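**Q** What follows is input22.csv; its format and atoms are CSV, C-alpha atoms.
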chain,number,residue,atom,x,y,z
Z,1,PRO,CA,-134.1,17.6,-2.3
Z,2,HIS,CA,-133.2,20.9,-0.6
Z,3,TRP,CA,-131.7,19.3,2.5
Z,4,ARG,CA,-130.0,16.5,0.5
Z,5,ARG,CA,-128.2,19.2,-1.6
Z,6,ALA,CA,-127.3,21.1,1.6
Z,7,VAL,CA,-125.9,18.1,3.4
Z,8,ARG,CA,-123.9,17.0,0.3
Z,9,ALA,CA,-122.5,20.5,-0.1
Z,10,ALA,CA,-121.5,20.6,3.6
Z,11,VAL,CA,-119.7,17.3,3.8
Z,12,GLY,CA,-118.5,17.0,0.2
Z,13,PRO,CA,-119.4,14.5,-2.5
Z,14,ASP,CA,-116.7,12.1,-1.4
Z,15,ARG,CA,-118.3,11.7,2.0
Z,16,PHE,CA,-121.9,11.6,0.9
Z,17,LEU,CA,-123.3,8.3,-0.2
Z,18,ASP,CA,-126.7,8.0,-1.8
Z,19,MET,CA,-127.9,4.5,-1.1
Z,20,SER,CA,-131.5,4.9,-2.5
Z,21,ARG,CA,-130.8,2.7,-5.5
Z,22,LEU,CA,-128.9,0.0,-3.6
Z,23,SER,CA,-130.6,-3.1,-2.1
Z,24,GLY,CA,-130.6,-3.6,1.6
Z,25,VAL,CA,-127.7,-6.0,1.5
Z,26,GLN,CA,-125.7,-3.7,-0.8
Z,27,ALA,CA,-126.3,-0.7,1.4
Z,28,ALA,CA,-125.3,-2.6,4.5
Z,29,ARG,CA,-122.1,-3.7,2.8
Z,30,ALA,CA,-121.3,-0.1,1.7
Z,31,ALA,CA,-121.9,1.2,5.2
Z,32,ASN,CA,-119.7,-1.4,6.7
Z,33,GLN,CA,-116.9,-0.9,4.3
Z,34,ARG,CA,-116.8,2.8,5.3
Z,35,GLY,CA,-116.3,1.8,9.0
Z,36,LEU,CA,-119.2,3.9,10.2
Z,37,HIS,CA,-119.2,4.5,14.0
Z,38,VAL,CA,-122.9,5.5,14.3
Z,39,LEU,CA,-125.8,4.7,12.0
Z,40,VAL,CA,-129.2,6.3,12.6
Z,41,ASP,CA,-132.5,4.8,11.5
Z,42,LEU,CA,-135.0,7.6,10.6
Z,43,VAL,CA,-137.8,5.4,9.3
Z,44,GLY,CA,-138.2,2.2,11.4
Z,45,TYR,CA,-141.4,0.3,10.5
Z,46,THR,CA,-143.0,3.2,8.6
Z,47,GLY,CA,-143.6,3.3,4.9
Z,48,GLY,CA,-140.5,2.5,2.9
Z,49,GLY,CA,-138.7,1.1,5.9
Z,50,GLU,CA,-138.2,-2.4,4.6
Z,51,LYS,CA,-134.8,-1.7,3.1
Z,52,ALA,CA,-133.6,0.2,6.2
Z,53,ASN,CA,-134.6,-2.8,8.3
Z,54,GLU,CA,-132.5,-5.0,6.1
Z,55,VAL,CA,-129.5,-2.6,6.5
Z,56,PHE,CA,-129.8,-2.4,10.3
Z,57,ALA,CA,-130.4,-6.2,10.8
Z,58,SER,CA,-127.0,-6.7,9.1
Z,59,ARG,CA,-125.3,-4.8,11.8
Z,60,PRO,CA,-123.0,-2.7,9.6
Z,61,ALA,CA,-122.1,0.0,12.2
Z,62,ALA,CA,-120.6,-0.1,15.7
Z,63,LEU,CA,-123.6,1.9,17.2
Z,64,GLN,CA,-127.1,1.8,15.7
Z,65,VAL,CA,-129.8,4.2,16.9
Z,66,SER,CA,-133.5,4.6,16.2
Z,67,TYR,CA,-134.7,8.2,15.9
Z,68,MET,CA,-137.7,10.3,14.6
Z,69,GLY,CA,-139.6,8.3,12.1
Z,70,PHE,CA,-140.9,5.4,14.3
Z,71,CYS,CA,-141.4,6.6,17.9
Z,72,ALA,CA,-141.8,3.2,19.4
Z,73,SER,CA,-139.6,0.3,20.2
Z,74,SER,CA,-138.2,-1.7,17.3
Z,75,GLY,CA,-138.1,-4.8,19.4
Z,76,ALA,CA,-134.9,-5.6,17.6
Z,77,ASP,CA,-131.7,-6.7,19.3
Z,78,TYR,CA,-129.7,-4.9,16.6
Z,79,MET,CA,-130.9,-1.4,17.7
Z,80,ASP,CA,-128.7,-0.1,20.5
Z,81,HIS,CA,-130.6,3.1,21.5
Z,82,ILE,CA,-133.8,5.0,20.8
Z,83,VAL,CA,-133.7,8.8,20.9
Z,84,ALA,CA,-137.0,10.0,22.4
Z,85,ASP,CA,-138.4,12.3,25.1
Z,86,ARG,CA,-140.3,11.8,28.3
Z,87,VAL,CA,-143.7,12.2,26.6
Z,88,VAL,CA,-143.1,9.7,23.8
Z,89,ALA,CA,-141.2,7.3,26.1
Z,90,PRO,CA,-141.9,7.9,29.8
Z,91,PRO,CA,-139.1,6.5,31.9
Z,92,ASP,CA,-141.5,4.3,33.9
Z,93,HIS,CA,-142.4,2.6,30.6
Z,94,ARG,CA,-138.9,1.7,29.7
Z,95,HIS,CA,-139.7,-2.0,30.2
Z,96,HIS,CA,-141.8,-1.8,27.0
Z,97,PHE,CA,-138.6,-0.9,25.0
Z,98,SER,CA,-136.0,-3.3,23.8
Z,99,GLU,CA,-133.6,-0.4,23.4
Z,100,PRO,CA,-132.1,1.8,26.1
Z,101,LEU,CA,-133.8,5.2,26.1
Z,102,ALA,CA,-131.8,8.2,25.2
Z,103,LEU,CA,-134.1,11.0,26.3
Z,104,VAL,CA,-133.7,14.6,25.1
Z,105,PRO,CA,-135.5,17.6,26.6
Z,106,PRO,CA,-138.0,19.0,26.0
Z,107,SER,CA,-139.0,17.2,22.7
Z,108,TYR,CA,-137.2,14.8,20.4
Z,109,PHE,CA,-139.3,16.0,17.4
Z,110,VAL,CA,-137.4,18.5,15.3
Z,111,SER,CA,-139.6,20.2,12.7
Z,112,ASP,CA,-139.5,23.6,11.0
Z,113,HIS,CA,-141.5,23.9,7.8
Z,114,ARG,CA,-140.3,27.5,7.4
Z,115,GLN,CA,-136.8,26.1,6.5
Z,116,GLN,CA,-138.3,24.4,3.4
Z,117,PRO,CA,-138.2,27.1,0.6
Z,118,GLU,CA,-140.8,25.2,-1.5
Z,119,TRP,CA,-143.3,25.4,1.4
Z,120,ALA,CA,-143.2,29.2,1.7
Z,121,GLY,CA,-146.6,30.9,2.0
Z,122,VAL,CA,-148.3,28.2,4.1
Z,123,PRO,CA,-150.8,28.7,5.6
Z,124,ASP,CA,-152.2,30.3,2.5
Z,125,PRO,CA,-155.2,32.7,3.1
Z,126,ALA,CA,-156.0,32.5,-0.6
Z,127,ALA,CA,-156.6,28.8,-0.6
Z,128,SER,CA,-160.2,27.9,-1.4
Z,129,ARG,CA,-162.4,24.9,-1.0
Z,130,ALA,CA,-163.4,25.3,-4.6
Z,131,GLU,CA,-159.8,24.2,-5.6
Z,132,PHE,CA,-160.4,20.7,-4.2
Z,133,LYS,CA,-163.1,18.5,-5.7
Z,134,GLU,CA,-163.8,16.5,-2.5
Z,135,LEU,CA,-164.7,19.5,-0.4
Z,136,PRO,CA,-168.2,21.0,0.1
Z,137,PRO,CA,-168.6,24.8,-0.3
Z,138,ARG,CA,-169.9,25.0,3.3
Z,139,GLY,CA,-169.9,23.1,6.5
Z,140,VAL,CA,-167.5,22.2,9.3
Z,141,LEU,CA,-164.5,20.2,8.2
Z,142,LEU,CA,-163.3,17.7,10.9
Z,143,ALA,CA,-160.1,16.3,9.4
Z,144,CYS,CA,-157.9,13.4,10.2
Z,145,PHE,CA,-155.0,12.9,7.8
Z,146,ASN,CA,-153.4,9.9,9.6
Z,147,GLN,CA,-153.1,6.6,7.9
Z,148,LEU,CA,-156.4,4.9,8.0
Z,149,TYR,CA,-155.1,1.9,10.0
Z,150,LYS,CA,-154.8,4.2,13.0
Z,151,ILE,CA,-158.6,4.5,13.3
Z,152,ASP,CA,-160.0,2.1,15.8
Z,153,PRO,CA,-163.7,1.3,16.2
Z,154,GLY,CA,-164.1,3.2,19.5
Z,155,ILE,CA,-162.9,6.6,18.1
Z,156,PHE,CA,-164.8,6.0,14.8
Z,157,ASP,CA,-168.0,5.6,16.9
Z,158,VAL,CA,-167.3,9.0,18.5
Z,159,TRP,CA,-166.7,10.6,15.1
Z,160,MET,CA,-169.9,9.2,13.7
Z,161,GLU,CA,-171.8,10.4,16.7
Z,162,LEU,CA,-170.5,13.9,16.1
Z,163,LEU,CA,-171.7,13.7,12.5
Z,164,LEU,CA,-175.1,12.6,13.6
Z,165,LYS,CA,-175.4,15.4,16.1
Z,166,ARG,CA,-174.0,18.1,13.7
Z,167,PRO,CA,-175.7,17.8,10.3
Z,168,ASP,CA,-173.4,20.6,9.0
Z,169,ALA,CA,-170.2,18.7,9.8
Z,170,TYR,CA,-168.1,16.4,7.6
Z,171,LEU,CA,-165.3,13.9,8.4
Z,172,TRP,CA,-162.4,14.5,6.1
Z,173,LEU,CA,-159.9,11.7,5.6
Z,174,LEU,CA,-157.2,10.7,3.1
Z,175,LYS,CA,-157.2,7.8,0.7
Z,176,PHE,CA,-154.3,6.5,2.8
Z,177,PRO,CA,-154.5,3.7,1.6
Z,178,PRO,CA,-157.2,3.8,-1.1
Z,179,ILE,CA,-158.1,0.1,-0.5
Z,180,ALA,CA,-159.6,1.1,2.9
Z,181,VAL,CA,-162.0,3.7,1.6
Z,182,GLY,CA,-164.8,1.2,0.9
Z,183,ASN,CA,-164.5,-0.3,4.4
Z,184,ILE,CA,-164.7,3.1,6.0
Z,185,LEU,CA,-167.8,4.0,4.1
Z,186,LYS,CA,-169.4,0.6,5.0
Z,187,GLU,CA,-168.7,1.2,8.7
Z,188,ALA,CA,-170.1,4.7,8.5
Z,189,ALA,CA,-173.3,3.4,6.9
Z,190,SER,CA,-173.7,0.8,9.6
Z,191,ARG,CA,-173.7,3.6,12.1
Z,192,GLY,CA,-176.4,5.5,10.3
Z,193,VAL,CA,-174.1,8.1,8.6
Z,194,ASN,CA,-174.6,8.9,4.9
Z,195,GLY,CA,-171.4,8.3,2.9
Z,196,THR,CA,-171.6,11.8,1.5
Z,197,ARG,CA,-170.6,13.1,5.0
Z,198,VAL,CA,-167.3,11.2,4.9
Z,199,LEU,CA,-164.8,12.9,2.5
Z,200,PHE,CA,-161.6,11.4,1.0
Z,201,GLY,CA,-158.8,13.4,-0.4
Z,202,ASP,CA,-155.9,12.2,-2.6
Z,203,THR,CA,-152.4,12.2,-1.3
Z,204,LEU,CA,-150.7,15.3,-2.7
Z,205,PRO,CA,-147.2,16.8,-3.0
Z,206,LYS,CA,-146.2,18.4,0.3
Z,207,ARG,CA,-146.9,22.1,-0.4
Z,208,GLU,CA,-150.3,21.5,-2.0
Z,209,TYR,CA,-151.1,19.1,0.8
Z,210,LEU,CA,-150.4,21.8,3.4
Z,211,ARG,CA,-152.4,24.4,1.5
Z,212,ARG,CA,-155.4,22.1,1.3
Z,213,GLY,CA,-155.0,20.9,4.9
Z,214,GLY,CA,-155.2,24.5,6.1
Z,215,LEU,CA,-158.9,24.5,5.0
Z,216,ALA,CA,-159.8,22.1,7.9
Z,217,ASP,CA,-161.6,23.6,10.9
Z,218,LEU,CA,-160.3,21.0,13.4
Z,219,PHE,CA,-157.9,18.1,13.2
Z,220,LEU,CA,-159.1,15.0,15.1
Z,221,ASP,CA,-156.3,12.8,16.3
Z,222,THR,CA,-156.5,9.0,16.7
Z,223,PRO,CA,-155.9,8.0,20.3
Z,224,LEU,CA,-154.7,4.4,19.8
Z,225,VAL,CA,-151.9,5.5,17.5
Z,226,ASN,CA,-151.4,9.3,17.6
Z,227,ALA,CA,-150.5,11.5,14.7
Z,228,HIS,CA,-146.8,12.0,14.0
Z,229,THR,CA,-145.7,14.1,11.0
Z,230,SER,CA,-149.4,14.6,10.2
Z,231,ALA,CA,-149.8,16.5,13.4
Z,232,THR,CA,-146.9,18.9,12.7
Z,233,ASP,CA,-148.1,19.4,9.2
Z,234,VAL,CA,-151.6,20.6,10.2
Z,235,LEU,CA,-150.2,22.7,13.0
Z,236,TRP,CA,-147.9,24.5,10.5
Z,237,ALA,CA,-150.9,24.9,8.2
Z,238,GLY,CA,-152.7,26.8,11.0
Z,239,VAL,CA,-155.2,24.1,12.0
Z,240,PRO,CA,-156.0,23.4,15.7
Z,241,LEU,CA,-155.5,19.8,16.8
Z,242,LEU,CA,-157.6,17.8,19.3
Z,243,THR,CA,-155.7,14.7,20.7
Z,244,LEU,CA,-156.2,12.1,23.4
Z,245,PRO,CA,-152.9,10.5,24.3
Z,246,ARG,CA,-152.8,7.1,25.9
Any chance you could put this one into structure tokens?
**A**
Amino acid sequence: PHWRRAVRAAVGPDRFLDMSRLSGVQAARAANQRGLHVLVDLVGYTGGGEKANEVFASRPAALQVSYMGFCASSGADYMDHIVADRVVAPPDHRHHFSEPLALVPPSYFVSDHRQQPEWAGVPDPAASRAEFKELPPRGVLLACFNQLYKIDPGIFDVWMELLLKRPDAYLWLLKFPPIAVGNILKEAASRGVNGTRVLFGDTLPKREYLRRGGLADLFLDTPLVNAHTSATDVLWAGVPLLTLPR
């Protein structure tokens, strides 16, 4: 809401079009009628991207660019470029992308939580485990707030081995999505780990999510599909991150 208001104020209401209540076809028609030169896709195949995909598949703009939200190839012939960097899209991997690479140094990822007034005061030293029902009063919290589909069997084996070797440690995940929780617990049990050692938190509004996330001792990234916004969130919350890029 803050940035939506700021952009609207900067460009003026006549040049600001809110397409959130339009269908994909309606939004594509509205964009085309305005004769847009450049249209940027900020979501790709991430959550809520279905409507955006309909818009871009209709080719309403002269130049269509993928940026930020989905840092991999769309595989779509209607996307003219992808904005990335040499870490996300190494030039010698360009054959894996259907889009020409537009590489920016040093990083394509623009993120600054301090510019969000409602997130002021994060990390919060006053945050307590007692505020969040899923958290134990003591123990090492090994967190991963990525979507659960990013967890592959190999990295899950490593995490379970950690829990078996450290009786004071807990694996802290999100119910993201809730339907996967039962499967995760079943897989943990099959590896000899009691379900009480695997914690699940609800998805929360951003500021509360950041406050709670700051209570983790270490964030464990998923190597098959690395963290994206989740990584910047926990870093802003003051939590160290352990990753293994592939």
**Q** From the set Z:Pro13, Z:Phe132, Z:Arg246, Z:Phe109, which residue has the shortest atom-to-atom contact distance to Ala231 in chain Z, counting all atoms listed in the file?
**A**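 The closest residue to Ala231 in chain Z is Z:Phe109.
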**Q** Could you give me, as a tab-separated table (two decimals) with C-alpha atoms, keeping the file's coordinate frame, the residues within 12 Å of Pro137 in chain Z, counting only C-alpha atoms and dropping anything in the same chain fewer than 3 positions from it?
**A**
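What follows is the written file result-v6.tsv:
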chain	number	residue	atom	x	y	z
Z	128	SER	CA	-160.20	27.90	-1.40
Z	129	ARG	CA	-162.40	24.90	-1.00
Z	130	ALA	CA	-163.40	25.30	-4.60
Z	131	GLU	CA	-159.80	24.20	-5.60
Z	132	PHE	CA	-160.40	20.70	-4.20
Z	133	LYS	CA	-163.10	18.50	-5.70
Z	134	GLU	CA	-163.80	16.50	-2.50
Z	140	VAL	CA	-167.50	22.20	9.30
Z	141	LEU	CA	-164.50	20.20	8.20
Z	168	ASP	CA	-173.40	20.60	9.00
Z	169	ALA	CA	-170.20	18.70	9.80
Z	170	TYR	CA	-168.10	16.40	7.60
Z	215	LEU	CA	-158.90	24.50	5.00
**Q** Would you kindly return, as a PyMOL selection string, each protein, DNA or RNA residue with an atom no farther than 12 Å from any atom of Leu204 in chain Z, considering all atoms listed in the file and excluding same-chain residues fewer than 5 positions away?
**A** chain Z and resi 132+145+174-176+209-213
**Q** So which one's closest to Leu39 in chain Z, Z:Arg197, Z:Arg166, Z:Arg4, Z:His81? Using only C-alpha atoms, please.
**A** Z:His81
**Q** Could you check which of Z:Gln116, Z:Asn183, Z:Leu162, Z:Pro136 is closest to Thr196 in chain Z, using all atoms listed in the file?
**A** Z:Pro136
**Q** How many Å separate CA of Glu50 in chain Z from CA of Ala31 in chain Z?
**A**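 For CA of Glu50 in chain Z relative to CA of Ala31 in chain Z, the distance reads 16.7 Å.
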**Q** To one decimal place in Å, what is the distance between CA of Pro90 in chain Z and CA of Asp157 in chain Z?
**A**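 Going from CA of Pro90 in chain Z over to CA of Asp157 in chain Z, I get 29.2 Å.
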**Q** Could you tell me how far CA of Lys165 in chain Z lies from CA of Pro153 in chain Z, in Å and to one decimal?
**A**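 CA of Pro153 in chain Z lies at a distance of 18.3 Å from CA of Lys165 in chain Z.
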**Q** Which polymer residues have any atom within 9 Å of an atom of Ala62 in chain Z, counting only C-alpha atoms, with same-chain residues fewer than 6 positions away left out, as a list in words?
**A**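 Near Ala62 in chain Z, the qualifying residues are Gly35, Leu36, His37, Val38 and Leu39 of chain Z.
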**Q** Write out, as a tab-separated table, each residue of range 49-146 of chain Z that has an atom at most 7 Å from range 218-228 of chain Z, together with the closest pair of atoms and their distance in Å to one decimal, counting all atoms listed in the file, rows going by chain and rising number.
**A**
residue	atom	partner	partner_atom	distance
Z:Leu141	CA	Z:Leu218	CA	6.7
Z:Leu142	CA	Z:Leu218	CA	5.1
Z:Ala143	CA	Z:Phe219	CA	4.7
Z:Cys144	CA	Z:Leu220	CA	5.3
Z:Asn146	CA	Z:Ala227	CA	6.1
**Q** Looking at all atoms listed in the file, which of Z:Ser190, Z:Gln33, Z:Thr243, Z:Gln147 is the one that sits closest to Thr203 in chain Z?
**A**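 Ranking Z:Ser190, Z:Gln33, Z:Thr243, Z:Gln147 by distance to Thr203 in chain Z, first place goes to Z:Gln147.
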**Q** From the options Z:Ala102, Z:Val40, Z:Ser111, Z:Val181, which residue's atoms come nearest to Tyr78 in chain Z, counting all atoms listed in the file?
**A**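 The closest residue to Tyr78 in chain Z is Z:Val40.
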**Q** How about completing range 196-207 of chain Z with N, CA, C and O atoms and giving it to me as a PDB file, in the frame of the given file?
**A**
ATOM      1  N   THR Z 196    -171.927  10.488   1.975  1.00  0.00           N
ATOM      2  CA  THR Z 196    -171.600  11.800   1.500  1.00  0.00           C
ATOM      3  C   THR Z 196    -170.974  12.701   2.573  1.00  0.00           C
ATOM      4  O   THR Z 196    -170.387  13.744   2.282  1.00  0.00           O
ATOM      5  N   ARG Z 197    -171.126  12.271   3.828  1.00  0.00           N
ATOM      6  CA  ARG Z 197    -170.600  13.100   5.000  1.00  0.00           C
ATOM      7  C   ARG Z 197    -169.162  12.698   5.288  1.00  0.00           C
ATOM      8  O   ARG Z 197    -168.537  13.327   6.148  1.00  0.00           O
ATOM      9  N   VAL Z 198    -168.643  11.652   4.648  1.00  0.00           N
ATOM     10  CA  VAL Z 198    -167.300  11.200   4.900  1.00  0.00           C
ATOM     11  C   VAL Z 198    -166.491  11.528   3.576  1.00  0.00           C
ATOM     12  O   VAL Z 198    -166.763  10.938   2.526  1.00  0.00           O
ATOM     13  N   LEU Z 199    -165.554  12.441   3.641  1.00  0.00           N
ATOM     14  CA  LEU Z 199    -164.800  12.900   2.500  1.00  0.00           C
ATOM     15  C   LEU Z 199    -163.438  12.280   2.421  1.00  0.00           C
ATOM     16  O   LEU Z 199    -162.808  12.047   3.453  1.00  0.00           O
ATOM     17  N   PHE Z 200    -162.956  12.020   1.202  1.00  0.00           N
ATOM     18  CA  PHE Z 200    -161.600  11.400   1.000  1.00  0.00           C
ATOM     19  C   PHE Z 200    -160.831  12.255   0.036  1.00  0.00           C
ATOM     20  O   PHE Z 200    -161.280  12.502  -1.086  1.00  0.00           O
ATOM     21  N   GLY Z 201    -159.652  12.676   0.462  1.00  0.00           N
ATOM     22  CA  GLY Z 201    -158.800  13.400  -0.400  1.00  0.00           C
ATOM     23  C   GLY Z 201    -157.616  12.540  -0.892  1.00  0.00           C
ATOM     24  O   GLY Z 201    -157.212  11.595  -0.216  1.00  0.00           O
ATOM     25  N   ASP Z 202    -157.096  12.859  -2.061  1.00  0.00           N
ATOM     26  CA  ASP Z 202    -155.900  12.200  -2.600  1.00  0.00           C
ATOM     27  C   ASP Z 202    -154.674  12.621  -1.813  1.00  0.00           C
ATOM     28  O   ASP Z 202    -154.640  13.729  -1.263  1.00  0.00           O
ATOM     29  N   THR Z 203    -153.657  11.784  -1.775  1.00  0.00           N
ATOM     30  CA  THR Z 203    -152.400  12.200  -1.300  1.00  0.00           C
ATOM     31  C   THR Z 203    -151.775  13.186  -2.327  1.00  0.00           C
ATOM     32  O   THR Z 203    -151.919  12.959  -3.532  1.00  0.00           O
ATOM     33  N   LEU Z 204    -151.154  14.258  -1.858  1.00  0.00           N
ATOM     34  CA  LEU Z 204    -150.700  15.300  -2.700  1.00  0.00           C
ATOM     35  C   LEU Z 204    -149.208  15.631  -2.443  1.00  0.00           C
ATOM     36  O   LEU Z 204    -148.701  15.294  -1.371  1.00  0.00           O
ATOM     37  N   PRO Z 205    -148.530  16.306  -3.368  1.00  0.00           N
ATOM     38  CA  PRO Z 205    -147.200  16.800  -3.000  1.00  0.00           C
ATOM     39  C   PRO Z 205    -147.301  17.739  -1.797  1.00  0.00           C
ATOM     40  O   PRO Z 205    -148.343  18.355  -1.543  1.00  0.00           O
ATOM     41  N   LYS Z 206    -146.208  17.830  -1.055  1.00  0.00           N
ATOM     42  CA  LYS Z 206    -146.200  18.400   0.300  1.00  0.00           C
ATOM     43  C   LYS Z 206    -146.842  19.821   0.324  1.00  0.00           C
ATOM     44  O   LYS Z 206    -147.700  20.102   1.165  1.00  0.00           O
ATOM     45  N   ARG Z 207    -146.420  20.706  -0.544  1.00  0.00           N
ATOM     46  CA  ARG Z 207    -146.900  22.100  -0.400  1.00  0.00           C
ATOM     47  C   ARG Z 207    -148.401  22.169  -0.697  1.00  0.00           C
ATOM     48  O   ARG Z 207    -149.140  22.853   0.016  1.00  0.00           O
TER      49      ARG Z 207
END
